[in-house]
$ cat protein_1.txt   # compact mmCIF, C-alpha atoms and all ligand atoms
# COMPACT_ATOMS: atom_id res chain seq x y z
CA MET M 1015 -12.98 -51.97 -14.97
CA LYS M 1016 -12.72 -51.61 -11.25
CA VAL M 1017 -9.36 -49.91 -11.73
CA ALA M 1018 -10.86 -47.25 -14.00
CA ILE M 1019 -12.97 -45.94 -11.14
CA SER M 1020 -10.10 -45.20 -8.82
CA PRO M 1021 -8.79 -41.91 -10.33
CA LEU M 1022 -12.27 -40.50 -10.05
CA ALA M 1023 -12.64 -41.82 -6.55
CA ALA M 1024 -9.40 -40.12 -5.59
CA LEU M 1025 -10.52 -36.76 -6.97
CA PRO M 1026 -12.31 -35.47 -3.86
CA PHE M 1027 -9.27 -36.34 -1.79
CA VAL M 1028 -6.92 -34.57 -4.21
CA LEU M 1029 -9.15 -31.51 -4.21
CA LEU M 1030 -9.22 -31.55 -0.45
CA VAL M 1031 -5.44 -31.61 -0.24
CA VAL M 1032 -5.08 -28.87 -2.84
CA THR M 1033 -7.55 -26.58 -1.09
CA ALA M 1034 -5.93 -27.28 2.26
CA CYS M 1035 -2.55 -26.29 0.88
CA GLN M 1036 -3.89 -23.14 -0.70
CA SER M 1037 -5.73 -21.86 2.30
CA THR M 1038 -3.54 -19.04 3.52
CA PRO M 1039 -3.86 -17.67 7.03
CA PRO M 1040 -6.16 -14.65 7.37
CA PRO M 1041 -4.50 -11.26 6.83
CA VAL M 1042 -2.17 -10.57 9.72
CA ALA M 1043 -3.39 -7.92 12.12
CA ASP M 1044 -1.13 -4.92 12.55
CA GLY M 1045 -0.08 -5.85 16.06
CA SER M 1046 1.74 -9.03 15.17
CA GLN M 1047 4.12 -7.19 12.88
CA ALA M 1048 4.71 -4.34 15.27
CA SER M 1049 8.38 -5.07 15.84
CA ALA M 1050 9.17 -5.81 12.21
CA PRO M 1051 10.66 -3.12 9.96
CA PRO M 1052 8.02 -1.13 8.06
CA ALA M 1053 6.35 -3.51 5.68
CA PRO M 1054 2.72 -2.96 6.62
CA SER M 1055 0.62 -3.98 3.68
CA SER M 1056 2.93 -6.82 2.77
CA ALA M 1057 0.54 -9.34 4.26
CA PRO M 1058 1.32 -12.30 2.01
CA GLY M 1059 -1.08 -13.72 -0.50
CA PRO M 1060 -2.52 -12.39 -3.71
CA ALA M 1061 -5.94 -11.89 -2.13
CA ALA M 1062 -4.79 -9.02 0.10
CA PRO M 1063 -5.02 -5.88 -2.09
CA ARG M 1064 -8.47 -4.81 -3.20
CA SER M 1065 -6.97 -2.18 -5.46
CA PRO M 1066 -5.80 -3.16 -8.94
CA VAL M 1067 -2.41 -1.83 -7.90
CA PHE M 1068 -0.30 -4.45 -6.13
CA SER M 1069 0.90 -3.62 -2.65
CA GLU M 1070 4.46 -4.04 -3.84
CA THR M 1071 3.90 -1.26 -6.37
CA ALA M 1072 2.43 0.88 -3.62
CA ARG M 1073 5.52 0.30 -1.51
CA ASN M 1074 7.80 1.22 -4.39
CA ILE M 1075 5.88 4.42 -5.00
CA ALA M 1076 5.84 5.21 -1.28
CA ASN M 1077 9.60 4.88 -1.10
CA ASN M 1078 9.73 7.76 -3.59
CA CYS M 1079 7.53 9.82 -1.31
CA PHE M 1080 9.64 9.00 1.74
CA THR M 1081 12.72 10.35 -0.02
CA CYS M 1082 11.30 13.84 0.45
CA HIS M 1083 8.73 13.37 3.20
CA GLY M 1084 10.99 11.36 5.46
CA PRO M 1085 10.98 7.70 6.36
CA ASP M 1086 7.77 6.51 8.02
CA GLY M 1087 6.11 9.73 6.87
CA LYS M 1088 8.06 11.83 9.35
CA SER M 1089 9.79 14.69 7.64
CA PRO M 1090 12.98 16.03 9.17
CA ALA M 1091 12.89 19.30 7.23
CA ALA M 1092 10.55 21.89 5.77
CA ILE M 1093 8.64 19.44 3.60
CA PRO M 1094 5.44 18.52 5.41
CA GLY M 1095 5.44 15.12 7.08
CA LEU M 1096 2.74 12.65 6.16
CA SER M 1097 2.42 10.79 9.43
CA ARG M 1098 -0.53 12.81 10.68
CA LEU M 1099 -2.62 12.23 7.56
CA SER M 1100 -5.13 9.46 6.95
CA ALA M 1101 -5.27 7.53 3.69
CA GLU M 1102 -8.28 9.59 2.62
CA GLN M 1103 -6.50 12.85 3.35
CA ILE M 1104 -3.35 11.82 1.50
CA ALA M 1105 -5.36 10.66 -1.51
CA ALA M 1106 -7.45 13.84 -1.51
CA ARG M 1107 -4.31 16.03 -1.31
CA LEU M 1108 -2.68 14.12 -4.15
CA ARG M 1109 -5.79 14.49 -6.32
CA SER M 1110 -5.94 18.23 -5.76
CA PHE M 1111 -2.24 18.53 -6.58
CA LYS M 1112 -2.84 16.41 -9.66
CA ASN M 1113 -5.75 18.44 -10.99
CA GLY M 1114 -4.19 21.77 -10.00
CA THR M 1115 -6.75 22.78 -7.35
CA ALA M 1116 -3.95 22.94 -4.80
CA SER M 1117 -0.93 25.03 -5.67
CA SER M 1118 2.45 23.41 -5.26
CA THR M 1119 6.08 23.58 -6.21
CA ILE M 1120 6.63 19.90 -6.74
CA MET M 1121 3.63 17.83 -5.85
CA GLY M 1122 1.53 18.85 -8.85
CA ARG M 1123 4.09 17.52 -11.27
CA HIS M 1124 4.67 14.51 -9.12
CA ALA M 1125 1.02 13.61 -8.62
CA LYS M 1126 0.24 13.91 -12.33
CA ALA M 1127 2.40 10.86 -12.89
CA TYR M 1128 0.07 8.60 -10.93
CA SER M 1129 -3.25 7.04 -11.83
CA ASN M 1130 -6.14 7.28 -9.39
CA ALA M 1131 -5.65 3.63 -8.48
CA GLU M 1132 -1.99 4.27 -7.74
CA ILE M 1133 -2.90 7.30 -5.63
CA ASP M 1134 -5.35 5.25 -3.58
CA ALA M 1135 -2.85 2.42 -3.18
CA VAL M 1136 0.06 4.59 -2.12
CA ALA M 1137 -2.14 6.62 0.24
CA ALA M 1138 -3.35 3.43 1.90
CA TYR M 1139 0.20 2.15 2.11
CA ILE M 1140 1.54 5.31 3.73
CA ALA M 1141 -1.37 5.45 6.17
CA GLY M 1142 -0.58 1.84 7.10
CA VAL M 1143 3.03 2.78 7.80
CA ASN M 1144 1.80 5.72 9.85
CA LYS M 1145 -0.38 3.48 11.99
CA GLN M 1146 2.49 1.11 12.65
CA ALA M 1147 4.90 3.89 13.48
CA LYS M 1148 2.59 5.28 16.18
CA PRO M 1149 3.07 3.91 19.69
C1 LIG W 1 10.79 15.86 -4.54
C2 LIG W 1 10.24 15.84 -3.19
C3 LIG W 1 8.88 15.23 -3.00
C4 LIG W 1 8.45 13.97 -3.34
C5 LIG W 1 9.24 12.89 -4.07
C6 LIG W 1 7.09 13.85 -2.86
N1 LIG W 1 6.70 15.00 -2.24
FE1 LIG W 1 4.88 15.35 -1.38
N2 LIG W 1 5.41 17.25 -1.01
C7 LIG W 1 6.63 17.83 -1.32
C8 LIG W 1 6.56 19.26 -1.07
C9 LIG W 1 7.70 20.24 -1.31
C10 LIG W 1 5.26 19.52 -0.62
C11 LIG W 1 4.61 20.89 -0.30
C12 LIG W 1 3.75 21.27 -1.51
C13 LIG W 1 4.60 21.64 -2.71
O1 LIG W 1 5.20 22.70 -2.70
O2 LIG W 1 4.66 20.86 -3.68
C14 LIG W 1 4.57 18.23 -0.54
C15 LIG W 1 3.27 18.07 -0.08
C16 LIG W 1 2.63 16.85 0.02
C17 LIG W 1 1.35 16.62 0.67
C18 LIG W 1 0.49 17.65 1.37
C19 LIG W 1 0.86 17.61 2.82
C20 LIG W 1 0.02 18.52 3.64
O3 LIG W 1 0.34 18.67 4.83
O4 LIG W 1 -0.95 19.06 3.12
C21 LIG W 1 1.06 15.31 0.54
C22 LIG W 1 -0.18 14.59 1.03
C23 LIG W 1 2.16 14.71 -0.18
N3 LIG W 1 3.09 15.66 -0.46
C24 LIG W 1 2.21 13.38 -0.50
C25 LIG W 1 3.22 12.82 -1.27
C26 LIG W 1 3.19 11.47 -1.74
C27 LIG W 1 2.09 10.46 -1.45
C28 LIG W 1 4.33 11.29 -2.47
C29 LIG W 1 4.72 10.07 -3.28
C30 LIG W 1 3.79 9.68 -4.31
C31 LIG W 1 5.07 12.52 -2.42
N4 LIG W 1 4.36 13.42 -1.69
C32 LIG W 1 6.31 12.71 -3.02
C33 LIG W 1 7.75 17.17 -1.79
C34 LIG W 1 7.74 15.87 -2.30
$ encode --input "protein_1.txt" --output "structure tokens" --more "lines below"
Ligand code: HEC
Amino acid sequence: MKVAISPLAALPFVLLVVTACQSTPPPVADGSQASAPPAPSSAPGPAAPRSPVFSETARNIANNCFTCHGPDGKSPAAIPGLSRLSAEQIAARLRSFKNGTASSTIMGRHAKAYSNAEIDAVAAYIAGVNKQAKP
């Protein structure tokens, strides 16, 4: 009978260990990753993104954008660079391309492919890269 109590008695301890193992460090501030290659919103842990779109998806989408707009949002050619734009500005521009309020050669067709959640996520991602790229 005494033995039957012990699994229950161990439960708080087990829970303590499990929670201790799961507690991830708080999201890393931008500064500590400054010298790393651009991977801004890749702060580990599933709790990081508030958007339904995972940060990895945002990065994949952003890599598309960088193909034309230049790595780190700095465009080498006639296509406008994105490094001067905030997340809100990028998202707003994409929405107006998407709904046709802004005329475009390419961006309208491109932006139509993305959901609003994806637009917000990729805009936040690119703005994060922009912040890191600045001195
Ligand atoms: C095929 C090349 C190409 C790709 C890929 C592309 N863009 Fe563009 N982007 C352009 C061009 C060209 C323009 C100028 C408007 C136009 O003619 O479509 C532009 C304009 C913009 C602007 C407006 C900039 C300003 O100064 O007002 C934003 C914001 C933008 N793109 C964001 C994005 C994002 C975010 C992505 C990825 C989801 C992306 N673009 C992918 C070519 C591209």
$ atom_distance --input "protein_1.txt" --atom1 "atom CA of M:Lys1145" --atom2 "atom CA of M:Leu1108"
19.5 Å
$ residues_near_ligand --input "protein_1.txt" --ligand "ligand LIG 1 (chain W)" --cutoff "9 Å" --atoms "all atoms listed in the file" --output "PyMOL selection string"
chain M and resi 1072+1075-1083+1092-1096+1098-1099+1103-1108+1111+1116-1125+1127-1128+1132-1133+1136-1137+1140
$ atom_distance --input "protein_1.txt" --atom1 "atom CA of M:Pro1090" --atom2 "atom CA of M:Phe1068"
28.8 Å
$ atom_distance --input "protein_1.txt" --atom1 "atom CA of M:Glu1070" --atom2 "atom CA of M:Thr1115"
29.3 Å
$ closest_residue --input "protein_1.txt" --among "M:Asp1086, M:Ala1091, M:Lys1126, M:Asn1113" --to "M:Ala1147" --atoms "all atoms listed in the file"
M:Asp1086
$ closest_residue --input "protein_1.txt" --among "M:Val1067, M:Gly1084, M:Arg1109, M:Gly1114" --to "M:Tyr1139" --atoms "all atoms listed in the file"
M:Val1067
$ closest_residue --input "protein_1.txt" --among "M:Ser1129, M:Ser1089, M:Ser1110, M:Ser1097" --to "M:Gln1146" --atoms "all atoms listed in the file"
M:Ser1097
